[in-house]
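Listing of data_17.txt; format and content: compact mmCIF, C-alpha atoms and all ligand atoms.
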# COMPACT_ATOMS: atom_id res chain seq x y z
CA MET A 18 0.00 0.00 0.00
CA LEU A 19 1.49 3.28 -1.14
CA ASN A 20 0.72 6.56 0.58
CA ILE A 21 1.48 9.97 -0.85
CA TYR A 22 1.49 12.51 1.95
CA PRO A 23 1.61 16.28 1.45
CA VAL A 24 3.89 18.22 3.76
CA TYR A 25 2.72 21.83 3.53
CA ALA A 26 5.86 23.94 3.91
CA LEU A 27 7.39 27.37 3.40
CA LYS A 28 4.79 29.76 1.96
CA ASP A 29 2.65 27.46 -0.16
CA ASN A 30 4.82 24.48 -1.16
CA TYR A 31 3.85 20.84 -1.06
CA ILE A 32 6.68 18.45 -0.31
CA TRP A 33 5.41 15.00 -1.31
CA ILE A 34 6.38 11.98 0.78
CA ILE A 35 5.71 8.69 -1.02
CA HIS A 36 5.83 5.80 1.41
CA ASN A 37 4.82 2.31 2.41
CA GLN A 38 4.94 1.03 5.98
CA ASN A 39 8.72 1.11 6.25
CA TYR A 40 10.31 3.31 3.60
CA ALA A 41 9.79 6.77 2.15
CA VAL A 42 10.91 8.83 -0.83
CA VAL A 43 10.62 12.60 -0.72
CA VAL A 44 9.94 14.88 -3.68
CA ASP A 45 11.24 18.47 -3.67
CA PRO A 46 12.11 18.97 -0.01
CA GLY A 47 12.42 22.75 0.18
CA ILE A 48 12.98 22.37 3.91
CA ALA A 49 14.00 19.34 5.99
CA SER A 50 12.45 19.72 9.45
CA PRO A 51 8.77 18.92 8.69
CA VAL A 52 9.91 15.99 6.53
CA ILE A 53 12.06 14.57 9.34
CA GLU A 54 9.18 15.11 11.75
CA TYR A 55 6.83 13.04 9.56
CA LEU A 56 9.41 10.30 8.99
CA GLU A 57 10.00 9.98 12.73
CA LEU A 58 6.29 10.07 13.56
CA LYS A 59 5.59 7.25 11.11
CA LYS A 60 8.87 5.41 11.83
CA LEU A 61 9.91 5.54 8.18
CA ARG A 62 13.37 5.26 6.67
CA LEU A 63 14.11 7.65 3.86
CA SER A 64 15.42 5.84 0.78
CA ALA A 65 15.74 8.59 -1.85
CA ILE A 66 15.30 12.29 -2.59
CA LEU A 67 13.83 13.44 -5.91
CA ASN A 68 14.25 17.02 -7.15
CA THR A 69 12.31 18.37 -10.14
CA HIS A 70 14.45 21.51 -10.54
CA HIS A 71 17.10 23.55 -8.82
CA HIS A 72 15.05 26.25 -7.07
CA ALA A 73 15.75 26.56 -3.33
CA ASP A 74 12.13 25.97 -2.32
CA HIS A 75 12.47 22.51 -3.92
CA THR A 76 16.02 21.58 -2.90
CA GLY A 77 16.77 23.60 0.27
CA GLY A 78 16.19 20.61 2.57
CA ASN A 79 18.47 18.17 0.71
CA LYS A 80 21.56 18.91 2.78
CA GLU A 81 19.96 18.53 6.19
CA LEU A 82 18.14 15.34 5.14
CA LEU A 83 21.43 13.88 3.93
CA GLN A 84 22.94 14.48 7.37
CA SER A 85 20.39 12.05 8.85
CA TYR A 86 19.92 9.71 5.88
CA ALA A 87 22.62 8.70 3.37
CA VAL A 88 20.39 8.38 0.30
CA PRO A 89 20.69 9.00 -3.45
CA VAL A 90 19.53 12.39 -4.72
CA TYR A 91 17.94 12.28 -8.18
CA GLY A 92 17.61 15.50 -10.13
CA PRO A 93 17.75 17.13 -13.56
CA ARG A 94 20.84 16.29 -15.61
CA ASN A 95 20.88 19.78 -17.12
CA GLU A 96 20.87 21.73 -13.87
CA PHE A 97 23.33 22.23 -11.04
CA ILE A 98 22.17 20.96 -7.66
CA LEU A 99 24.99 20.72 -5.14
CA SER A 100 23.91 17.48 -3.44
CA MET A 101 22.66 15.66 -6.55
CA THR A 102 24.17 12.17 -6.90
CA HIS A 103 22.02 10.76 -9.74
CA PRO A 104 21.46 13.21 -12.64
CA VAL A 105 18.59 11.98 -14.84
CA SER A 106 16.79 13.04 -17.99
CA GLU A 107 14.04 11.83 -20.32
CA GLY A 108 14.33 8.14 -21.12
CA ASP A 109 15.76 7.27 -17.71
CA GLN A 110 13.86 4.97 -15.39
CA ILE A 111 14.24 5.08 -11.62
CA ASN A 112 13.53 1.87 -9.75
CA LEU A 113 12.70 2.72 -6.15
CA GLN A 114 12.87 -0.83 -4.80
CA GLU A 115 12.12 -0.04 -1.15
CA ILE A 116 8.72 1.39 -2.03
CA SER A 117 8.19 -0.81 -5.14
CA LEU A 118 7.78 2.14 -7.48
CA ASN A 119 9.15 2.64 -10.98
CA LEU A 120 9.40 6.20 -12.24
CA ALA A 121 9.95 7.39 -15.79
CA VAL A 122 11.73 10.73 -16.17
CA LEU A 123 10.26 13.35 -18.52
CA ASP A 124 12.05 16.50 -19.64
CA THR A 125 9.74 19.46 -18.95
CA PRO A 126 11.81 22.63 -19.50
CA GLY A 127 10.34 26.13 -19.39
CA HIS A 128 10.07 27.12 -15.72
CA THR A 129 13.77 26.30 -15.52
CA ARG A 130 16.12 25.17 -18.26
CA GLY A 131 16.40 21.53 -17.17
CA HIS A 132 13.16 20.95 -15.23
CA ILE A 133 12.06 17.30 -15.11
CA ALA A 134 8.95 15.39 -14.03
CA TYR A 135 8.60 11.89 -12.59
CA PHE A 136 5.81 9.65 -13.92
CA ALA A 137 4.65 6.30 -12.53
CA SER A 138 2.04 4.04 -14.13
CA ASN A 139 1.87 1.31 -11.51
CA PRO A 140 -0.06 0.87 -9.22
CA ILE A 141 -1.79 4.03 -10.55
CA ASN A 142 -0.88 6.84 -12.94
CA ILE A 143 0.79 9.66 -11.05
CA VAL A 144 3.16 12.46 -12.02
CA PHE A 145 5.29 14.73 -9.86
CA CYS A 146 5.67 17.75 -12.08
CA GLY A 147 7.14 20.41 -9.78
CA ASP A 148 6.48 23.90 -11.14
CA THR A 149 5.42 22.98 -14.68
CA LEU A 150 1.73 22.06 -14.72
CA PHE A 151 -0.19 23.49 -11.76
CA SER A 152 -3.74 22.85 -10.72
CA CYS A 153 -5.67 25.11 -13.14
CA GLY A 154 -2.46 26.95 -14.06
CA CYS A 155 1.21 26.59 -14.94
CA GLY A 156 4.58 27.73 -13.65
CA ARG A 157 6.23 31.00 -14.56
CA ILE A 158 8.72 30.93 -17.41
CA PHE A 159 11.99 31.90 -15.71
CA GLU A 160 14.71 30.26 -17.81
CA GLY A 161 13.04 28.71 -20.82
CA THR A 162 10.91 30.00 -23.68
CA PRO A 163 7.11 30.03 -24.06
CA GLN A 164 7.54 27.40 -26.77
CA GLN A 165 9.42 25.08 -24.40
CA MET A 166 6.87 25.53 -21.64
CA TYR A 167 4.00 24.98 -24.06
CA GLN A 168 5.60 21.78 -25.31
CA SER A 169 6.27 20.57 -21.76
CA LEU A 170 2.62 21.12 -20.86
CA GLN A 171 1.55 19.33 -24.04
CA LYS A 172 3.77 16.40 -23.10
CA LEU A 173 2.18 16.17 -19.65
CA SER A 174 -1.30 16.49 -21.15
CA GLN A 175 -0.63 13.41 -23.28
CA LEU A 176 -0.30 11.20 -20.20
CA PRO A 177 -3.32 8.98 -19.46
CA ASP A 178 -6.45 10.98 -18.57
CA ASP A 179 -6.66 9.52 -15.07
CA THR A 180 -3.10 10.57 -14.18
CA LEU A 181 -3.05 12.36 -10.85
CA ILE A 182 -1.09 15.60 -10.99
CA TYR A 183 1.12 16.15 -7.95
CA CYS A 184 2.40 19.68 -8.45
CA ALA A 185 4.46 21.55 -5.89
CA HIS A 186 2.30 24.52 -4.86
CA GLU A 187 -1.20 25.22 -3.58
CA TYR A 188 -2.18 27.87 -6.14
CA THR A 189 -5.57 26.47 -7.17
CA LEU A 190 -7.96 29.20 -6.00
CA ASN A 191 -5.85 32.04 -7.41
CA ASN A 192 -5.40 30.11 -10.66
CA ILE A 193 -9.16 29.59 -10.93
CA LEU A 194 -9.75 33.36 -10.49
CA PHE A 195 -7.53 33.99 -13.50
CA ALA A 196 -9.02 31.10 -15.50
CA LYS A 197 -12.55 32.51 -14.97
CA ILE A 198 -11.53 35.76 -16.66
CA VAL A 199 -10.14 33.88 -19.66
CA ASP A 200 -12.85 31.22 -19.88
CA PRO A 201 -15.94 32.69 -18.15
CA GLU A 202 -18.56 30.42 -19.75
CA ASN A 203 -16.85 27.20 -18.67
CA VAL A 204 -19.35 25.46 -16.37
CA GLU A 205 -16.85 22.86 -15.20
CA LEU A 206 -14.50 25.65 -14.15
CA ILE A 207 -17.22 27.27 -12.04
CA GLU A 208 -17.99 23.90 -10.42
CA ARG A 209 -14.32 23.40 -9.82
CA GLU A 210 -14.10 26.69 -7.95
CA ILE A 211 -16.89 25.66 -5.57
CA THR A 212 -15.19 22.32 -4.87
CA ALA A 213 -11.79 23.96 -4.33
CA GLN A 214 -13.25 26.63 -2.03
CA LYS A 215 -14.84 23.94 0.15
CA LEU A 216 -11.56 22.05 0.39
CA ARG A 217 -9.48 25.12 1.23
CA HIS A 218 -12.07 26.26 3.76
CA LYS A 219 -11.34 23.03 5.65
CA ASN A 220 -7.61 23.42 5.01
CA ILE A 221 -7.55 20.32 2.78
CA PRO A 222 -5.15 20.32 -0.21
CA THR A 223 -6.72 20.69 -3.66
CA ILE A 224 -3.83 18.59 -5.00
CA PRO A 225 -3.62 16.06 -6.59
CA THR A 226 -6.02 16.73 -9.45
CA PRO A 227 -6.75 14.35 -12.33
CA LEU A 228 -5.41 15.30 -15.74
CA SER A 229 -8.93 14.93 -17.19
CA LEU A 230 -10.09 17.87 -15.02
CA GLU A 231 -7.06 19.96 -16.05
CA LYS A 232 -7.87 19.40 -19.71
CA LYS A 233 -11.41 20.68 -19.15
CA THR A 234 -10.59 23.69 -16.97
CA ASN A 235 -6.91 24.71 -17.15
CA PRO A 236 -6.61 27.55 -19.70
CA PHE A 237 -2.94 26.76 -20.34
CA LEU A 238 -3.97 23.33 -21.67
CA ARG A 239 -6.79 24.85 -23.73
CA CYS A 240 -4.89 27.19 -26.07
CA THR A 241 -6.56 25.70 -29.16
CA GLN A 242 -10.10 26.21 -27.84
CA PRO A 243 -11.99 28.93 -29.78
CA GLU A 244 -13.19 30.67 -26.60
CA ILE A 245 -9.63 31.01 -25.27
CA ILE A 246 -8.30 32.25 -28.63
CA THR A 247 -11.16 34.78 -28.84
CA HIS A 248 -10.41 36.06 -25.34
CA VAL A 249 -6.74 36.61 -26.20
CA GLN A 250 -7.58 38.26 -29.53
CA ASN A 251 -10.15 40.55 -27.91
CA ASN A 252 -7.38 41.92 -25.74
CA SER A 253 -4.95 42.50 -28.56
CA ALA A 254 -5.78 43.47 -32.12
CA ASN A 255 -4.51 41.22 -34.94
CA PHE A 256 -3.14 38.72 -32.47
CA PRO A 257 -1.90 35.45 -34.04
CA ALA A 258 -4.11 32.46 -33.24
CA ASP A 259 -1.42 29.78 -33.13
CA PRO A 260 -1.33 27.86 -29.83
CA ILE A 261 2.15 28.99 -28.75
CA SER A 262 1.34 32.69 -29.26
CA VAL A 263 -1.95 32.24 -27.39
CA PHE A 264 -0.12 30.42 -24.60
CA ALA A 265 2.57 33.14 -24.39
CA ALA A 266 -0.09 35.87 -24.18
CA LEU A 267 -1.98 34.00 -21.46
CA ARG A 268 1.17 33.42 -19.44
CA GLN A 269 2.11 37.09 -19.78
CA SER A 270 -1.29 38.26 -18.55
CA LYS A 271 -1.14 35.79 -15.63
CA ASN A 272 2.24 37.31 -14.69
CA ASN A 273 0.48 40.65 -14.30
CA PHE A 274 -2.62 39.20 -12.62
ZN ZN B 1 10.47 26.74 -9.13

Go through the file and emit its structure as structure tokens.
Amino acid sequence: MLNIYPVYALKDNYIWIIHNQNYAVVVDPGIASPVIEYLELKKLRLSAILNTHHHADHTGGNKELLQSYAVPVYGPRNEFILSMTHPVSEGDQINLQEISLNLAVLDTPGHTRGHIAYFASNPINIVFCGDTLFSCGCGRIFEGTPQQMYQSLQKLSQLPDDTLIYCAHEYTLNNILFAKIVDPENVELIEREITAQKLRHKNIPTIPTPLSLEKKTNPFLRCTQPEIITHVQNNSANFPADPISVFAALRQSKNNF
């Protein structure tokens, strides 16, 4: 039996702890103390650290965790992370024997130059996608290009529809506010807001979300939908209707939102 536990940390990060009864793997530990606390509470031994990208709120806890647990640190081959022992990129498989989980690495550049995601298809479809695809949104483009980010999101959207998206921040409500401006007639989006508000009211994470819901409500996955293209064009005369230009315009207006 595999559990995936969210450690809410820093301002709005989720550090994911994947574990069975004895062993745990941690994804993007921005800070060590709440992770160690959970491991000790549940009497778990850490067996690996996974980083999706180099930002400090995803890697800042590596060093302190390594002082207590001598474990491999997987991370993006094309980025520098001081404590990384196992650089990986698309095509690599990671066999986490202690928790009986096989992960496939996907290259998802855009937020950072070498950002990666970790996908598992057994026992269920799950992806740890860091700051690429968010619940009803996407990460900022810091190091890559809009084209790279668009393609990374397209790659994630081609995973099976029931894939659960484990992103690294609780941004859902704010993302929905933006999405409603872009896609105001979307009934599923309005329903999604009500559900998310109820969850947050009780302090329950809105993550993970199924990819099928993202495809129906996340504007950054809907750049070929006529209503999204019309919204972008209404805000800018003679705007090109190709998906990457639409995506870039959406991302730019979210930056200013
Ligand atoms: Zn980041």

_Can you tell me which residues surround Ile32 of chain A at a distance of at most 10 Å, considering all atoms listed in the file, apart from same-chain residues fewer than 3 positions away, and format the answer as a list in words?_
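Using all atoms listed in the file, the neighbours found are Ile21, Tyr22, Pro23, Val24, Tyr25, Ala26, Leu27, Asp29, Ile35, Val43, Val44, Asp45, Pro46, Gly47, Ile48, Ala49, Pro51, Val52, Asp74, His75, Gly147, Tyr183, Cys184, Ala185 and His186 of chain A.
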
_Closest of A:Ser50, A:Thr129, A:Asn112, A:Asn191 to ligand ZN 1 (chain B) - atom-to-atom distances counting only C-alpha atoms and all ligand atoms_ =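 With only C-alpha atoms and all ligand atoms as the atom set, the closest residue is A:Thr129.
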
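Proximity to Thr247 of chain A was assessed for A:Asp200, A:Ile224, A:Leu181, A:Lys219 counting all atoms listed in the file; the smallest distance is recorded for A:Asp200.
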
*Take atom CA of Leu58 of chain A and atom CA of Leu19 of chain A and report the distance between them in Å, one decimal.*
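Straight-line distance from atom CA of Leu58 of chain A to atom CA of Leu19 of chain A works out to 16.9 Å.
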
_Protein and nucleic acid residues within 9 Å of ligand ZN 1 (chain B) (all atoms listed in the file) as a ChimeraX atom specification_ = /A:69-75,128-129,132,147-149,156-157,159,185

_Using all atoms listed in the file: which of A:His103, A:Lys60, A:His218, A:His36 has the shortest distance to Ser117 of chain A_ =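 Smallest separation from Ser117 of chain A among the options: A:His36.
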
Give me the residues of segment 184-237 of chain A that have any atom at most 12 Å from an atom of segment 256-264 of chain A; for each, the nearest atom pair and the distance in Å, rounded to one decimal. Use all atoms listed in the file, sort by chain and number, and format it as CSV.
residue,atom,partner,partner_atom,distance
A:Val199,CA,A:Val263,CA,11.4
A:Asn235,CA,A:Phe264,CA,11.6
A:Pro236,CA,A:Phe264,CA,8.6
A:Phe237,CA,A:Phe264,CA,6.3

*asked:* Would you compute the distance between atom CA of Glu96 of chain A and atom CA of Leu238 of chain A? Give it in Å to one decimal.
replied: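 Pair atom CA of Glu96 of chain A / atom CA of Leu238 of chain A returns 26.1 Å.
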
*asked:* To one decimal place in Å, what is the distance between atom CA of Leu228 of chain A and atom CA of Leu173 of chain A?
replied: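 Between these atoms lies a distance of 8.6 Å.
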
Padded axis-aligned box of segment 28-47 of chain A (4 Å per side), centre and edge lengths, Å, one decimal, as AutoDock Vina command-line options:
--center_x 7.5 --center_y 15.4 --center_z 1.3 --size_x 17.8 --size_y 36.7 --size_z 17.9

Residues within 7 Å of Asp179 of chain A, please, as a PDB file with C-alpha atoms, keeping the file's coordinate frame. Count all atoms listed in the file; anything in the same chain fewer than 5 positions from it doesn't count.
ATOM      1  CA  ASN A 142      -0.880   6.840 -12.940  1.00  0.00           C
ATOM      2  CA  PRO A 227      -6.750  14.350 -12.330  1.00  0.00           C
ATOM      3  CA  LEU A 228      -5.410  15.300 -15.740  1.00  0.00           C
ATOM      4  CA  SER A 229      -8.930  14.930 -17.190  1.00  0.00           C
TER       5      SER A 229
END

_For Ser169 of chain A, the nearest of the candidates A:Ala134, A:Ala87, A:Cys153, A:Ala196, counting only C-alpha atoms_ =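 When distances to Ser169 of chain A are compared using only C-alpha atoms, the smallest one comes from A:Ala134.
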
Where atoms are missing, can you supply N, CA and C atoms for segment 141-165 of chain A and output the lot as a short mmCIF file (atom, residue, chain, number, x, y, z; two decimals), in the coordinates of the input?
data_model
loop_
_atom_site.label_atom_id
_atom_site.label_comp_id
_atom_site.auth_asym_id
_atom_site.auth_seq_id
_atom_site.Cartn_x
_atom_site.Cartn_y
_atom_site.Cartn_z
N ILE A 141 -0.87 3.11 -9.86
CA ILE A 141 -1.79 4.03 -10.55
C ILE A 141 -0.94 5.06 -11.30
N ASN A 142 -1.60 5.81 -12.18
CA ASN A 142 -0.88 6.84 -12.94
C ASN A 142 -0.73 8.11 -12.09
N ILE A 143 0.52 8.45 -11.83
CA ILE A 143 0.79 9.66 -11.05
C ILE A 143 1.98 10.39 -11.67
N VAL A 144 1.99 11.71 -11.55
CA VAL A 144 3.16 12.46 -12.02
C VAL A 144 3.51 13.56 -11.02
N PHE A 145 4.79 13.65 -10.71
CA PHE A 145 5.29 14.73 -9.86
C PHE A 145 5.94 15.74 -10.81
N CYS A 146 5.26 16.86 -10.99
CA CYS A 146 5.67 17.75 -12.08
C CYS A 146 6.17 19.11 -11.58
N GLY A 147 6.48 19.22 -10.29
CA GLY A 147 7.14 20.41 -9.78
C GLY A 147 6.40 21.68 -10.11
N ASP A 148 7.07 22.60 -10.79
CA ASP A 148 6.48 23.90 -11.14
C ASP A 148 6.19 24.02 -12.63
N THR A 149 5.78 22.91 -13.26
CA THR A 149 5.42 22.98 -14.68
C THR A 149 3.91 23.12 -14.82
N LEU A 150 3.19 22.02 -14.69
CA LEU A 150 1.73 22.06 -14.72
C LEU A 150 1.24 22.24 -13.29
N PHE A 151 0.45 23.30 -13.06
CA PHE A 151 -0.19 23.49 -11.76
C PHE A 151 -1.66 23.17 -11.89
N SER A 152 -2.31 23.03 -10.76
CA SER A 152 -3.74 22.85 -10.72
C SER A 152 -4.40 24.11 -11.27
N CYS A 153 -5.00 24.00 -12.44
CA CYS A 153 -5.67 25.11 -13.14
C CYS A 153 -4.71 26.23 -13.56
N GLY A 154 -3.42 25.92 -13.65
CA GLY A 154 -2.46 26.95 -14.06
C GLY A 154 -1.16 26.31 -14.53
N CYS A 155 -0.13 27.13 -14.63
CA CYS A 155 1.21 26.59 -14.94
C CYS A 155 2.26 27.49 -14.32
N GLY A 156 3.49 26.98 -14.27
CA GLY A 156 4.58 27.73 -13.65
C GLY A 156 5.00 28.94 -14.49
N ARG A 157 5.67 29.86 -13.84
CA ARG A 157 6.23 31.00 -14.56
C ARG A 157 7.39 30.53 -15.43
N ILE A 158 7.62 31.27 -16.51
CA ILE A 158 8.72 30.93 -17.41
C ILE A 158 9.93 31.75 -16.99
N PHE A 159 10.83 31.16 -16.21
CA PHE A 159 11.99 31.90 -15.71
C PHE A 159 13.20 31.74 -16.63
N GLU A 160 13.47 30.50 -17.07
CA GLU A 160 14.71 30.26 -17.81
C GLU A 160 14.48 29.80 -19.24
N GLY A 161 13.31 29.24 -19.49
CA GLY A 161 13.04 28.71 -20.82
C GLY A 161 12.27 29.68 -21.67
N THR A 162 11.70 29.17 -22.76
CA THR A 162 10.91 30.00 -23.68
C THR A 162 9.44 29.56 -23.58
N PRO A 163 8.52 30.44 -24.03
CA PRO A 163 7.11 30.03 -24.06
C PRO A 163 6.92 28.75 -24.87
N GLN A 164 7.67 28.62 -25.96
CA GLN A 164 7.54 27.40 -26.77
C GLN A 164 7.91 26.15 -25.98
N GLN A 165 9.01 26.23 -25.22
CA GLN A 165 9.42 25.08 -24.40
C GLN A 165 8.36 24.74 -23.36
#
